[in-house]
file final_26.tsv (TSV, C-alpha atoms and all ligand atoms)
chain	number	residue	atom	x	y	z
A	3	MET	CA	157.34	56.60	146.94
A	4	GLU	CA	155.62	53.20	147.11
A	5	TYR	CA	156.38	50.59	144.49
A	6	GLY	CA	152.81	50.75	143.17
A	7	GLU	CA	153.04	54.52	142.79
A	8	GLN	CA	156.31	54.18	140.95
A	9	ILE	CA	154.78	51.78	138.47
A	10	LEU	CA	151.82	54.06	137.88
A	11	LYS	CA	154.03	57.10	137.33
A	12	ILE	CA	156.86	55.46	135.45
A	13	TYR	CA	155.67	52.39	133.66
A	14	VAL	CA	151.93	52.36	133.08
A	15	PRO	CA	150.95	54.23	129.94
A	16	PRO	CA	147.66	56.10	130.05
A	17	ILE	CA	144.84	53.84	128.95
A	18	GLU	CA	141.25	54.39	127.90
A	19	GLY	CA	140.09	51.94	130.56
A	20	GLN	CA	140.66	52.12	134.30
A	21	LEU	CA	143.74	51.89	136.47
A	22	GLN	CA	143.46	51.51	140.23
A	23	ARG	CA	146.27	51.39	142.74
A	24	ASN	CA	146.15	49.04	145.77
A	25	ALA	CA	142.90	47.55	144.57
A	26	PRO	CA	141.27	44.97	146.87
A	27	LEU	CA	140.84	41.64	145.09
A	28	ALA	CA	139.00	39.49	147.66
A	29	ASP	CA	135.56	40.62	146.53
A	30	LYS	CA	136.47	39.70	142.96
A	31	THR	CA	137.28	36.09	143.80
A	32	TRP	CA	134.95	33.16	144.42
A	33	PHE	CA	136.65	32.36	147.71
A	34	HIS	CA	136.41	36.00	148.85
A	35	VAL	CA	139.97	35.97	150.18
A	36	GLY	CA	143.27	37.57	149.29
A	37	GLY	CA	145.17	40.83	149.33
A	38	GLN	CA	145.38	43.73	146.95
A	39	ALA	CA	146.56	44.22	143.41
A	40	GLU	CA	149.38	46.73	143.30
A	41	ILE	CA	147.82	48.05	140.10
A	42	LEU	CA	144.50	46.78	138.77
A	43	ALA	CA	144.07	47.53	135.07
A	44	ARG	CA	140.76	47.26	133.26
A	45	PRO	CA	141.53	47.97	129.59
A	46	ALA	CA	138.61	49.19	127.51
A	47	ASN	CA	139.19	46.93	124.52
A	48	THR	CA	141.84	44.89	122.71
A	49	GLU	CA	143.67	47.92	121.30
A	50	ASP	CA	143.81	49.44	124.77
A	51	LEU	CA	145.20	46.18	126.18
A	52	CYS	CA	147.84	46.02	123.43
A	53	ALA	CA	148.91	49.59	124.19
A	54	LEU	CA	149.03	48.87	127.94
A	55	LEU	CA	151.25	45.82	127.55
A	56	ALA	CA	153.47	47.43	124.92
A	57	GLY	CA	154.00	50.43	127.19
A	58	LEU	CA	154.84	48.48	130.35
A	59	ALA	CA	158.47	47.90	131.19
A	60	SER	CA	159.32	44.26	130.57
A	61	ASP	CA	160.24	43.63	134.22
A	62	VAL	CA	156.78	44.55	135.53
A	63	SER	CA	154.91	41.37	136.34
A	64	VAL	CA	151.52	40.94	134.70
A	65	THR	CA	148.80	38.61	135.99
A	66	THR	CA	145.41	38.23	134.36
A	67	ILE	CA	142.38	37.12	136.33
A	68	GLY	CA	138.99	36.11	135.01
A	69	ALA	CA	136.10	35.32	137.36
A	70	ALA	CA	138.73	34.04	139.83
A	71	SER	CA	136.73	30.84	140.29
A	72	ASN	CA	139.88	28.73	140.21
A	73	LEU	CA	142.15	30.97	142.24
A	74	ILE	CA	143.44	31.55	145.72
A	75	VAL	CA	144.89	35.05	145.76
A	76	ARG	CA	147.30	35.02	148.69
A	77	ASP	CA	146.89	37.47	151.56
A	78	GLY	CA	149.94	39.55	150.61
A	79	GLY	CA	148.35	40.44	147.27
A	80	LEU	CA	149.76	40.62	143.78
A	81	PRO	CA	152.72	42.72	142.73
A	82	GLY	CA	152.84	44.56	139.44
A	83	VAL	CA	149.84	44.85	137.17
A	84	VAL	CA	146.74	42.69	137.45
A	85	ILE	CA	144.55	42.71	134.37
A	86	ARG	CA	140.84	42.06	134.59
A	87	LEU	CA	138.92	42.16	131.33
A	88	GLY	CA	135.42	43.60	131.40
A	89	ARG	CA	132.61	44.76	129.18
A	90	GLY	CA	134.85	45.57	126.21
A	91	PHE	CA	135.66	41.86	125.96
A	92	SER	CA	132.23	40.32	126.19
A	93	ALA	CA	130.91	39.95	122.63
A	94	VAL	CA	129.67	36.60	121.35
A	95	THR	CA	129.34	35.92	117.61
A	96	MET	CA	127.44	32.93	116.29
A	97	GLU	CA	128.53	31.16	113.11
A	98	THR	CA	126.91	28.18	111.39
A	99	ASP	CA	129.51	25.77	112.77
A	100	GLY	CA	130.92	27.57	115.75
A	101	VAL	CA	130.94	30.37	118.27
A	102	ILE	CA	133.44	33.20	118.70
A	103	ALA	CA	133.47	34.47	122.27
A	104	GLU	CA	135.52	37.21	123.87
A	105	ALA	CA	137.51	36.39	126.95
A	106	ALA	CA	135.36	38.08	129.60
A	107	CYS	CA	132.17	36.25	128.54
A	108	SER	CA	130.99	33.82	131.14
A	109	ASP	CA	131.11	30.18	130.10
A	110	ILE	CA	127.47	29.92	131.07
A	111	ALA	CA	126.48	32.79	128.74
A	112	VAL	CA	128.33	31.17	125.83
A	113	ALA	CA	126.57	27.85	126.45
A	114	LYS	CA	123.21	29.67	126.53
A	115	HIS	CA	123.91	31.60	123.29
A	116	ALA	CA	124.86	28.34	121.56
A	117	SER	CA	121.74	26.64	122.82
A	118	VAL	CA	119.47	29.45	121.61
A	119	ALA	CA	121.17	29.28	118.19
A	120	GLY	CA	120.67	25.50	118.06
A	121	LEU	CA	124.38	24.70	118.24
A	122	ALA	CA	125.41	21.60	120.17
A	123	GLY	CA	128.73	20.59	121.70
A	124	LEU	CA	129.23	23.41	124.18
A	125	GLU	CA	126.71	22.27	126.83
A	126	PHE	CA	129.55	21.33	129.19
A	127	LEU	CA	130.36	25.06	129.58
A	128	SER	CA	126.96	25.66	131.18
A	129	GLY	CA	128.11	24.42	134.57
A	130	ILE	CA	131.50	26.09	134.78
A	131	PRO	CA	131.36	29.42	136.62
A	132	GLY	CA	134.36	31.09	134.97
A	133	THR	CA	135.09	33.19	131.91
A	134	ILE	CA	136.21	32.10	128.45
A	135	GLY	CA	139.77	33.34	129.14
A	136	GLY	CA	140.00	31.17	132.24
A	137	ALA	CA	138.38	28.24	130.45
A	138	VAL	CA	141.05	28.26	127.74
A	139	VAL	CA	143.95	28.57	130.19
A	140	MET	CA	142.56	25.83	132.46
A	141	ASN	CA	141.27	23.59	129.65
A	142	ALA	CA	138.03	23.64	131.60
A	143	GLY	CA	135.86	20.61	131.25
A	144	ALA	CA	132.95	18.73	132.73
A	145	TYR	CA	130.61	15.86	131.99
A	146	GLY	CA	132.52	14.54	129.00
A	147	GLY	CA	133.43	17.82	127.29
A	148	ASP	CA	136.41	20.11	127.56
A	149	VAL	CA	137.92	23.13	125.81
A	150	ALA	CA	140.60	21.01	124.15
A	151	GLY	CA	137.85	19.03	122.43
A	152	CYS	CA	136.16	22.02	120.77
A	153	LEU	CA	138.61	24.94	120.50
A	154	ASP	CA	139.39	26.08	116.95
A	155	TRP	CA	141.68	29.03	117.68
A	156	VAL	CA	142.47	31.59	120.31
A	157	GLU	CA	143.64	35.19	120.05
A	158	ILE	CA	146.08	36.39	122.66
A	159	VAL	CA	147.95	39.58	123.34
A	160	LEU	CA	151.57	38.77	124.04
A	161	ARG	CA	153.41	40.44	126.93
A	162	SER	CA	155.04	42.63	124.25
A	163	GLY	CA	151.62	43.99	123.24
A	164	GLU	CA	151.36	42.08	119.95
A	165	LEU	CA	148.03	40.45	119.06
A	166	VAL	CA	148.41	36.93	117.63
A	167	ARG	CA	146.10	34.07	116.70
A	168	LEU	CA	147.09	30.54	117.68
A	169	SER	CA	145.47	27.34	116.47
A	170	ALA	CA	144.25	24.96	119.18
A	171	GLU	CA	147.17	22.56	118.52
A	172	ARG	CA	149.63	25.27	119.54
A	173	LEU	CA	148.21	25.25	123.09
A	174	CYS	CA	149.36	21.66	123.80
A	175	PHE	CA	146.33	21.00	126.00
A	176	ASN	CA	146.59	18.64	128.91
A	177	TYR	CA	144.26	17.76	131.76
A	178	ARG	CA	143.23	21.19	133.17
A	179	SER	CA	146.13	22.98	131.53
A	180	ALA	CA	147.17	24.71	128.35
A	181	SER	CA	150.49	26.09	127.28
A	182	LEU	CA	150.41	29.82	126.58
A	183	PRO	CA	153.29	32.29	126.29
A	184	LEU	CA	154.22	33.74	129.69
A	185	GLY	CA	152.34	36.95	130.51
A	186	SER	CA	150.02	36.67	127.51
A	187	VAL	CA	146.33	37.54	127.78
A	188	VAL	CA	143.56	35.58	126.07
A	189	VAL	CA	141.16	38.00	124.38
A	190	ARG	CA	139.01	35.88	122.08
A	191	ALA	CA	138.41	32.23	121.20
A	192	ARG	CA	136.55	30.29	118.55
A	193	PHE	CA	134.86	27.01	119.41
A	194	TRP	CA	133.53	24.42	117.00
A	195	ALA	CA	129.88	23.46	117.44
A	196	VAL	CA	127.41	21.46	115.38
A	197	PRO	CA	123.77	22.11	114.53
A	198	GLY	CA	121.54	20.32	117.03
A	199	ASN	CA	118.02	20.08	118.32
A	200	PRO	CA	117.47	23.10	120.67
A	201	SER	CA	115.24	21.18	123.07
A	202	MET	CA	117.81	18.39	123.38
A	203	ILE	CA	120.57	20.94	124.00
A	204	THR	CA	118.47	22.63	126.70
A	205	ALA	CA	117.67	19.26	128.28
A	206	ARG	CA	121.36	18.36	128.39
A	207	MET	CA	122.16	21.68	130.10
A	208	ALA	CA	119.39	21.11	132.65
A	209	GLU	CA	120.72	17.61	133.33
A	210	ILE	CA	124.21	19.03	133.95
A	211	ARG	CA	122.78	21.64	136.35
A	212	THR	CA	120.80	19.04	138.29
A	213	ARG	CA	123.75	16.66	138.62
A	214	ARG	CA	126.04	19.48	139.71
A	215	GLU	CA	123.65	20.83	142.33
A	216	ALA	CA	123.19	17.34	143.75
A	217	THR	CA	126.91	16.73	144.23
A	218	GLN	CA	128.68	20.09	144.61
A	219	PRO	CA	128.38	23.12	146.92
A	220	VAL	CA	127.77	25.37	143.90
A	221	ARG	CA	126.50	28.40	145.79
A	222	ALA	CA	129.32	28.47	148.34
A	223	ARG	CA	132.52	30.49	148.53
A	224	THR	CA	134.69	27.88	146.87
A	225	GLY	CA	137.21	27.35	144.09
A	226	GLY	CA	135.75	24.19	142.59
A	227	SER	CA	137.93	21.07	142.55
A	228	THR	CA	140.93	21.70	144.74
A	229	PHE	CA	143.11	18.94	143.31
A	230	CYS	CA	143.39	17.33	139.88
A	231	ASN	CA	142.14	13.78	139.61
A	232	PRO	CA	145.17	11.46	139.48
A	233	LEU	CA	145.14	9.05	136.51
A	234	ASN	CA	142.25	6.57	136.87
A	235	MET	CA	141.46	7.88	140.36
A	236	LYS	CA	139.09	10.41	141.87
A	237	ALA	CA	140.67	12.99	144.17
A	238	TRP	CA	137.46	13.25	146.22
A	239	GLU	CA	137.49	9.50	146.93
A	240	LEU	CA	141.09	9.61	148.16
A	241	ILE	CA	140.29	12.62	150.37
A	242	ALA	CA	137.06	11.14	151.72
A	243	ALA	CA	138.88	7.89	152.55
A	244	THR	CA	141.21	9.79	154.89
A	245	GLY	CA	138.24	11.21	156.80
A	246	CYS	CA	138.94	14.79	155.74
A	247	ARG	CA	135.31	15.75	155.04
A	248	GLY	CA	134.47	18.68	157.30
A	249	LEU	CA	138.11	19.19	158.32
A	250	GLN	CA	138.59	22.83	159.33
A	251	ARG	CA	141.42	25.34	159.62
A	252	GLY	CA	140.41	28.84	160.68
A	253	GLY	CA	137.49	29.76	158.45
A	254	ALA	CA	138.40	27.19	155.81
A	255	GLN	CA	136.67	23.83	155.61
A	256	VAL	CA	136.70	20.73	153.43
A	257	SER	CA	133.17	20.47	152.05
A	258	GLU	CA	130.97	17.77	153.56
A	259	LYS	CA	129.12	17.54	150.24
A	260	HIS	CA	132.14	17.14	147.92
A	261	ALA	CA	135.43	16.22	149.56
A	262	ASN	CA	137.52	17.79	146.76
A	263	PHE	CA	135.97	21.22	147.35
A	264	MET	CA	137.20	23.61	150.03
A	265	LEU	CA	134.96	26.33	151.42
A	266	ASN	CA	135.37	29.70	153.02
A	267	ILE	CA	132.73	29.31	155.72
A	268	GLY	CA	133.00	32.87	156.99
A	269	SER	CA	136.26	34.55	157.62
A	270	ALA	CA	138.88	32.32	156.05
A	271	SER	CA	142.14	33.82	154.91
A	272	ALA	CA	144.05	32.61	151.89
A	273	THR	CA	146.57	31.20	154.37
A	274	ASP	CA	143.82	29.12	156.02
A	275	LEU	CA	142.70	27.73	152.67
A	276	GLU	CA	146.16	26.96	151.38
A	277	GLY	CA	147.17	25.43	154.73
A	278	LEU	CA	144.06	23.27	154.78
A	279	GLY	CA	144.76	22.09	151.23
A	280	GLU	CA	148.33	21.18	152.16
A	281	GLU	CA	147.12	19.28	155.21
A	282	VAL	CA	144.72	17.30	153.00
A	283	ARG	CA	147.56	16.53	150.57
A	284	GLN	CA	149.76	15.27	153.40
A	285	ARG	CA	147.00	13.10	154.85
A	286	VAL	CA	146.21	11.57	151.46
A	287	PHE	CA	149.90	10.94	150.80
A	288	ALA	CA	150.35	9.29	154.20
A	289	ALA	CA	147.30	7.08	153.70
A	290	SER	CA	147.66	6.14	150.04
A	291	GLY	CA	151.05	7.27	148.73
A	292	VAL	CA	149.28	9.49	146.15
A	293	ASP	CA	150.73	12.99	145.83
A	294	LEU	CA	147.74	15.15	144.89
A	295	GLN	CA	148.47	18.10	142.62
A	296	TRP	CA	146.69	21.42	143.08
A	297	GLU	CA	144.14	22.26	140.39
A	298	ILE	CA	143.40	25.60	142.06
A	299	LYS	CA	146.05	28.17	141.16
A	300	ARG	CA	147.59	29.93	144.15
A	301	ILE	CA	149.02	33.29	143.19
A	302	GLY	CA	150.56	36.29	144.91
A	303	ARG	CA	152.61	36.89	148.02
A	304	ARG	CA	152.30	35.14	151.33
A	305	ILE	CA	152.18	37.22	154.48
A	306	GLU	CA	155.18	36.15	156.55
B	401	LIG	C1	131.52	25.93	142.03
B	401	LIG	C2	132.63	25.70	141.03
B	401	LIG	C3	132.53	24.67	140.12
B	401	LIG	C4	133.56	24.45	139.19
B	401	LIG	N1	133.43	23.41	138.29
B	401	LIG	C5	134.37	23.23	137.35
B	401	LIG	C6	134.22	22.17	136.38
B	401	LIG	O1	133.26	21.43	136.35
B	401	LIG	N2	135.22	22.03	135.45
B	401	LIG	C7	136.31	22.84	135.43
B	401	LIG	O2	137.17	22.66	134.56
B	401	LIG	N3	136.46	23.83	136.34
B	401	LIG	C8	135.52	24.04	137.28
B	401	LIG	N4	135.69	25.04	138.21
B	401	LIG	C9	136.92	25.86	138.21
B	401	LIG	C10	136.85	27.12	137.36
B	401	LIG	O3	135.52	27.58	137.22
B	401	LIG	C11	137.47	26.91	135.98
B	401	LIG	O4	138.83	26.56	136.06
B	401	LIG	C12	137.34	28.17	135.11
B	401	LIG	O5	137.71	27.85	133.79
B	401	LIG	C13	138.22	29.32	135.60
B	401	LIG	O6	137.85	30.48	134.88
B	401	LIG	P1	138.06	31.92	135.51
B	401	LIG	O7	137.62	32.92	134.53
B	401	LIG	O8	137.39	31.97	136.84
B	401	LIG	O9	139.63	31.93	135.67
B	401	LIG	P2	140.47	32.40	136.95
B	401	LIG	O10	140.13	31.53	138.10
B	401	LIG	O11	140.32	33.86	137.14
B	401	LIG	O12	141.95	32.08	136.45
B	401	LIG	C14	142.36	30.76	136.21
B	401	LIG	C15	143.69	30.82	135.45
B	401	LIG	O13	143.46	31.39	134.17
B	401	LIG	C16	144.23	32.59	134.01
B	401	LIG	N5	143.42	33.52	133.22
B	401	LIG	C17	142.12	33.86	133.43
B	401	LIG	N6	141.68	34.65	132.44
B	401	LIG	C18	142.71	34.83	131.59
B	401	LIG	C19	142.89	35.55	130.38
B	401	LIG	N7	141.91	36.27	129.81
B	401	LIG	N8	144.11	35.51	129.78
B	401	LIG	C20	145.14	34.81	130.33
B	401	LIG	N9	145.03	34.12	131.47
B	401	LIG	C21	143.83	34.12	132.09
B	401	LIG	C22	144.58	33.05	135.40
B	401	LIG	O14	145.78	33.80	135.42
B	401	LIG	C23	144.72	31.72	136.12
B	401	LIG	O15	146.00	31.16	135.86
B	401	LIG	C24	134.68	25.28	139.17
B	401	LIG	C25	134.78	26.34	140.08
B	401	LIG	C26	133.77	26.55	141.00
B	401	LIG	C27	133.89	27.71	141.95
call {"tool": "encode", "arguments": {"input": "final_26.tsv", "output": "structure tokens"}}
result
Amino acid sequence: MEYGEQILKIYVPPIEGQLQRNAPLADKTWFHVGGQAEILARPANTEDLCALLAGLASDVSVTTIGAASNLIVRDGGLPGVVIRLGRGFSAVTMETDGVIAEAACSDIAVAKHASVAGLAGLEFLSGIPGTIGGAVVMNAGAYGGDVAGCLDWVEIVLRSGELVRLSAERLCFNYRSASLPLGSVVVRARFWAVPGNPSMITARMAEIRTRREATQPVRARTGGSTFCNPLNMKAWELIAATGCRGLQRGGAQVSEKHANFMLNIGSASATDLEGLGEEVRQRVFAASGVDLQWEIKRIGRRIE
């Protein structure tokens, strides 16, 4: 019996949502690369997710993915259970001074809802192509705003299956990172917002879109910024200075338009992309002594 089969038969409790064994993940990621999920679970709602996690043996690894816009899933795939939240986690509730959004909502949809309701402060979300769950975990930010600056609280389901609410301070936000209990799943978040002039909010969102389209390959198979910006430095400037623009490995390429973006220009594997990123890191280190840190999360097993 395969490991995946064993998990399905022994450890995964029946859920209202869907369970799929050996589920391909590449088509669910922005890069369009990567192997399979041993088990892909799509719980129907929060109660279903709680029951799933409570019923899983504690040694089964659990990985949650959102829109996978900040991920390289390696070619050997992901062991254990991969959770992907769907329609049952997509409600948005407007309040007079904030927005409550469920984890599978796209950042862009939340920014649009806020704009229609005349709430300002969340315009930065309009250019980030992920989900609210991923935005909280990554402390997503752009053009002067970030999640750390507007999050009120977050609700998570712990690996044990217990639903808890944490205030923003408990997440110890840092640049593109938050501290969450291992194996926990973000299900809902509340963001502060302030009443604002709808036409000014819309104009700000349009400005963000225009600036982004001018400088980034937004419609490409990419994972956004590959490396974090070192303190007081721009990763793209360090990379461009080493002449890495256009550098290729297999089907992976450093974007000509934005040197901190990598692209799958056809048939890249996760190994191509990760290898290209490591080559860029080495070149930047050799040229400047700066050790770039990955912003893109690389998860799963390598193929030996
Ligand atoms: C074209 C492009 C432009 C981008 N521009 C920006 C930008 O301006 N600013 C910026 O900050 N980022 C940017 N990104 C990166 C990316 O969109 C963000 O990091 C985004 O917040 C990731 O959200 P996601 O839903 O895709 O998360 P994923 O990529 O799926 O996952 C990211 C991390 O969050 C975890 N995770 C996801 N959902 C949950 C959940 N519900 N519970 C627990 N853990 C979870 C994953 O395990 C993983 O560790 C860009 C990406 C692209 C492709």
call {"tool": "residues_near_ligand", "arguments": {"input": "final_26.tsv", "ligand": "ligand LIG 401 (chain B)", "cutoff": "8 Å", "atoms": "only C-alpha atoms and all ligand atoms", "output": "PyMOL selection string"}}
result
chain A and resi 31-33+65-73+86-87+105-106+108-109+129-145+148+158+178+185-189+218-227+298-299
call {"tool": "atom_distance", "arguments": {"input": "final_26.tsv", "atom1": "CA of Ala116 (chain A)", "atom2": "CA of Gly100 (chain A)"}}
result
8.4 Å
call {"tool": "closest_residue", "arguments": {"input": "final_26.tsv", "among": "A:Arg192, A:Arg251, A:Arg206, A:Arg167", "to": "Lys114 (chain A)", "atoms": "all atoms listed in the file"}}
result
A:Arg206
call {"tool": "residues_around", "arguments": {"input": "final_26.tsv", "residues": "Gly88 (chain A)", "least_positions_apart": "2", "cutoff": "8 Å", "atoms": "only C-alpha atoms", "output": "PyMOL selection string"}}
result
chain A and resi 44-46+86+90-92+106
call {"tool": "residues_near_point", "arguments": {"input": "final_26.tsv", "point": "(142.8, 32.9, 120.0)", "cutoff": "6 Å", "atoms": "only C-alpha atoms", "output": "list in words"}}
result
Trp155, Val156, Glu157, Ile158, Arg167, Leu168, Arg190 and Ala191 of chain A
call {"tool": "atom_distance", "arguments": {"input": "final_26.tsv", "atom1": "CA of Ala25 (chain A)", "atom2": "CA of Val75 (chain A)"}}
result
12.7 Å
call {"tool": "closest_residue", "arguments": {"input": "final_26.tsv", "among": "A:Ala93, A:Ile102, A:Ile110, A:Leu27", "to": "Asn47 (chain A)", "atoms": "all atoms listed in the file"}}
result
A:Ala93
call {"tool": "residues_around", "arguments": {"input": "final_26.tsv", "residues": "Trp238 (chain A)", "least_positions_apart": "4", "cutoff": "7 Å", "atoms": "all atoms listed in the file", "output": "list in words"}}
result
Ala242, His260, Ala261 and Asn262 of chain A
call {"tool": "decode", "arguments": {"input": "final_26.tsv", "residues": "region 216-225 of chain A", "atoms": "all heavy atoms", "output": "CSV table (one decimal), in the first residue's frame"}}
result
chain,number,residue,atom,x,y,z
A,216,ALA,N,3.9,48.8,-15.2
A,216,ALA,CA,5.1,49.4,-15.8
A,216,ALA,C,6.4,48.8,-15.4
A,216,ALA,O,7.4,48.8,-16.2
A,216,ALA,CB,5.1,50.9,-15.5
A,217,THR,N,6.4,48.2,-14.2
A,217,THR,CA,7.7,47.7,-13.7
A,217,THR,C,7.8,46.2,-13.5
A,217,THR,O,8.9,45.7,-13.3
A,217,THR,CB,8.0,48.4,-12.3
A,217,THR,OG1,6.9,48.1,-11.5
A,217,THR,CG2,8.2,49.9,-12.5
A,218,GLN,N,6.7,45.5,-13.5
A,218,GLN,CA,6.7,44.1,-13.2
A,218,GLN,C,6.1,43.2,-14.3
A,218,GLN,O,5.1,43.6,-14.9
A,218,GLN,CB,6.0,43.8,-11.9
A,218,GLN,CG,6.5,44.5,-10.7
A,218,GLN,CD,5.7,44.3,-9.4
A,218,GLN,OE1,4.7,43.5,-9.4
A,218,GLN,NE2,6.1,44.9,-8.3
A,219,PRO,N,6.5,42.0,-14.5
A,219,PRO,CA,5.9,41.1,-15.4
A,219,PRO,C,4.7,40.4,-14.8
A,219,PRO,O,4.7,39.2,-14.5
A,219,PRO,CB,7.0,40.0,-15.7
A,219,PRO,CG,7.8,40.0,-14.4
A,219,PRO,CD,7.7,41.3,-13.8
A,220,VAL,N,3.6,41.2,-14.6
A,220,VAL,CA,2.5,40.8,-13.8
A,220,VAL,C,1.6,39.7,-14.4
A,220,VAL,O,0.9,39.0,-13.7
A,220,VAL,CB,1.5,42.0,-13.4
A,220,VAL,CG1,2.1,42.8,-12.4
A,220,VAL,CG2,1.1,42.7,-14.7
A,221,ARG,N,1.7,39.5,-15.7
A,221,ARG,CA,0.9,38.5,-16.4
A,221,ARG,C,1.7,37.2,-16.7
A,221,ARG,O,1.3,36.3,-17.4
A,221,ARG,CB,0.2,39.0,-17.6
A,221,ARG,CG,-1.1,39.7,-17.3
A,221,ARG,CD,-1.7,40.4,-18.5
A,221,ARG,NE,-1.4,41.8,-18.5
A,221,ARG,CZ,-2.0,42.7,-17.7
A,221,ARG,NH1,-2.9,42.3,-16.8
A,221,ARG,NH2,-1.7,44.0,-17.8
A,222,ALA,N,2.9,37.1,-16.1
A,222,ALA,CA,3.8,36.0,-16.4
A,222,ALA,C,3.6,34.9,-15.4
A,222,ALA,O,3.0,35.1,-14.3
A,222,ALA,CB,5.2,36.5,-16.5
A,223,ARG,N,4.2,33.7,-15.7
A,223,ARG,CA,4.3,32.6,-14.7
A,223,ARG,C,5.5,33.0,-13.8
A,223,ARG,O,6.6,32.7,-14.1
A,223,ARG,CB,4.5,31.3,-15.4
A,223,ARG,CG,3.3,30.9,-16.2
A,223,ARG,CD,3.5,29.6,-16.9
A,223,ARG,NE,2.2,29.2,-17.5
A,223,ARG,CZ,2.0,28.0,-18.1
A,223,ARG,NH1,2.9,27.1,-18.1
A,223,ARG,NH2,0.8,27.8,-18.6
A,224,THR,N,5.2,33.6,-12.6
A,224,THR,CA,6.2,34.1,-11.8
A,224,THR,C,5.8,33.9,-10.3
A,224,THR,O,4.7,33.4,-10.0
A,224,THR,CB,6.5,35.6,-12.0
A,224,THR,OG1,7.5,36.1,-11.2
A,224,THR,CG2,5.2,36.4,-11.9
A,225,GLY,N,6.7,34.2,-9.4
A,225,GLY,CA,6.3,34.1,-8.0
A,225,GLY,C,6.6,35.5,-7.3
A,225,GLY,O,6.8,35.5,-6.1
